[in-house]
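Report on the following structure.
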Amino acid sequence: MKRAGDVLPITLSYLGIKKKYEEQSVALHWREIAGDEIYAHSRAVSLNRGTLLVAVDNSVWCHHLSISKEDIMHKLNSHIGEKLITDIRFKAGNLKDYQNYENDVEELELQQKVRLVKLSLQEREEAEQKTQGLKNQNLKQKITKIIKKDIALRKVRLAEQWKKCQNCSVLCPPEDMLCPACSLQAKKERINQIRKIMLEVPWLTYDEMQGFVECSKGEYIGCKQDLQESFASEVRKNPEANMQLMSYIMLKQGLKPDQITDDIVEYSLHSLRRKKYVFTPGS
Ligand SMILES: [Zn+2]
């Protein structure tokens, strides 16, 4: 009697999707087989008659990977469980071009998982109840199907340790506390807070800011640059805008009001004007 493991590849081959399945398998597992360092510079792109095409983001890594070709091939084949790959070709190119392919593959794999989920009687009834009121049978069927798919997707996600967002009921990956929407909202609020504090205390360092708002260095620098730029443009428009000039200096130099000397003011004003004259010659 044949074992399930023997039957599966034959069935897939019969359906004409064996090749696609193998390609997907290599592309999907490229990261875990090759390791994070190699993955940062390369993607498995296609598999054709045993030759795996790998896109690499620069020629130095192309050379580096070519040297380890035998080793990588061995790892791939033992991962797949048969000697599927007989050669690897490395091609220098832009990895971004292959990002879509990878997303497609992930999406396909997810769909496959969702299709394999068996809903319980209760779950099926739940979906049908929600569309009970719909008169149009065609529409009713379509929406019920969507709801069932949604329940199945939720089951897949839960099995993969996804958990509820801390702020709403949307499921998010184990490593995230918030769903993308809530995370974006939280970021907006954080940025507003940073700006407010920076306007009050422009000289705060990043570490000092942490005492008020926990934020990333990028968020801190981004806010600082935005405010600096808006004060600078006000001063360029109106040289009498002393408050704006002082705020600009405190932000740029990290100085408190009593640390700002006439020389510093003169120098800052001069450098702001110089920039203006570069952009508007003749004024
Ligand atoms: Zn959320």
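Identifiers for the structure tokens are assigned positionally: chains receive A, B, ... in sequence, residues are indexed from 1 per chain, and ligands are indexed from 1 in the order shown.
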Legend entry - Surrounding residues of A:Tyr98 excluding itself and chain neighbours under 5 positions, 9 Å, only C-alpha atoms, as a ChimeraX atom specification: /A:43-45,55,103
Keeping all heavy atoms for every residue in the selection just given, could you write it to a file as a PDB file, in the first residue's frame?
ATOM      1  N   ARG A  43      16.572  36.319  -3.565  1.00  0.00           N
ATOM      2  CA  ARG A  43      15.265  35.651  -3.612  1.00  0.00           C
ATOM      3  C   ARG A  43      15.321  34.507  -4.627  1.00  0.00           C
ATOM      4  O   ARG A  43      15.898  34.665  -5.696  1.00  0.00           O
ATOM      5  CB  ARG A  43      14.170  36.613  -4.077  1.00  0.00           C
ATOM      6  CG  ARG A  43      13.900  37.780  -3.162  1.00  0.00           C
ATOM      7  CD  ARG A  43      13.203  37.357  -1.876  1.00  0.00           C
ATOM      8  NE  ARG A  43      12.874  38.520  -1.086  1.00  0.00           N
ATOM      9  CZ  ARG A  43      13.711  39.182  -0.301  1.00  0.00           C
ATOM     10  NH1 ARG A  43      14.957  38.755  -0.163  1.00  0.00           N
ATOM     11  NH2 ARG A  43      13.324  40.244   0.361  1.00  0.00           N
ATOM     12  N   ALA A  44      14.690  33.374  -4.281  1.00  0.00           N
ATOM     13  CA  ALA A  44      14.533  32.308  -5.259  1.00  0.00           C
ATOM     14  C   ALA A  44      13.434  32.745  -6.216  1.00  0.00           C
ATOM     15  O   ALA A  44      12.354  33.116  -5.785  1.00  0.00           O
ATOM     16  CB  ALA A  44      14.148  31.021  -4.558  1.00  0.00           C
ATOM     17  N   VAL A  45      13.725  32.752  -7.515  1.00  0.00           N
ATOM     18  CA  VAL A  45      12.779  33.312  -8.476  1.00  0.00           C
ATOM     19  C   VAL A  45      12.001  32.246  -9.235  1.00  0.00           C
ATOM     20  O   VAL A  45      10.788  32.268  -9.299  1.00  0.00           O
ATOM     21  CB  VAL A  45      13.523  34.219  -9.491  1.00  0.00           C
ATOM     22  CG1 VAL A  45      12.566  34.704 -10.564  1.00  0.00           C
ATOM     23  CG2 VAL A  45      14.143  35.392  -8.769  1.00  0.00           C
ATOM     24  N   ALA A  55      17.715  35.599  -7.702  1.00  0.00           N
ATOM     25  CA  ALA A  55      18.055  37.011  -7.917  1.00  0.00           C
ATOM     26  C   ALA A  55      18.856  37.498  -6.718  1.00  0.00           C
ATOM     27  O   ALA A  55      18.514  37.205  -5.571  1.00  0.00           O
ATOM     28  CB  ALA A  55      16.793  37.834  -8.067  1.00  0.00           C
ATOM     29  N   ASN A 103       4.854  37.632  -2.481  1.00  0.00           N
ATOM     30  CA  ASN A 103       3.555  37.878  -1.853  1.00  0.00           C
ATOM     31  C   ASN A 103       2.481  36.987  -2.466  1.00  0.00           C
ATOM     32  O   ASN A 103       1.633  36.461  -1.771  1.00  0.00           O
ATOM     33  CB  ASN A 103       3.150  39.346  -2.022  1.00  0.00           C
ATOM     34  CG  ASN A 103       4.025  40.248  -1.167  1.00  0.00           C
ATOM     35  OD1 ASN A 103       4.690  39.783  -0.262  1.00  0.00           O
ATOM     36  ND2 ASN A 103       4.012  41.525  -1.478  1.00  0.00           N
TER      37      ASN A 103
END
Legend entry - Environment of ligand 1 within 8 Å, counting only C-alpha atoms and all ligand atoms, reported as number ranges by chain: A: 164-171, 178-183
Could you give me, as a PDB file with C-alpha atoms, in the first residue's frame, the residues within 12 Å of A:Lys113, counting only C-alpha atoms and dropping anything in the same chain fewer than 6 positions from it?
ATOM      1  CA  GLU A 106       2.276  33.532   0.329  1.00  0.00           C
ATOM      2  CA  GLU A 107      -1.261  34.452  -0.678  1.00  0.00           C
ATOM      3  CA  LYS A 149     -14.230  31.931   4.192  1.00  0.00           C
ATOM      4  CA  ALA A 152     -11.975  29.703   8.018  1.00  0.00           C
ATOM      5  CA  LEU A 153      -9.288  32.373   7.674  1.00  0.00           C
ATOM      6  CA  ARG A 154      -9.730  33.259  11.332  1.00  0.00           C
ATOM      7  CA  LYS A 155      -9.251  29.610  12.275  1.00  0.00           C
ATOM      8  CA  VAL A 156      -6.041  29.419  10.226  1.00  0.00           C
ATOM      9  CA  ARG A 157      -4.751  32.596  11.844  1.00  0.00           C
ATOM     10  CA  ALA A 159      -3.803  28.094  14.639  1.00  0.00           C
ATOM     11  CA  GLU A 160      -0.772  30.182  13.624  1.00  0.00           C
TER      12      GLU A 160
END
Legend entry - d(atom CA of A:Gly218, atom CA of A:Arg195) in Å: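 Separation of atom CA of A:Gly218 and atom CA of A:Arg195: 13.4 Å.
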Inset, instruction - Report as a PyMOL selection string: the residues of stretch 33-261 of chain A with a DSSP assignment of helix (DSSP H, G or I), based on the backbone of this structure. - result: chain A and resi 33-34+36-39+59-67+69-80+96-116+121-130+137-159+180-200+206-210+217-237+242-253+257-259
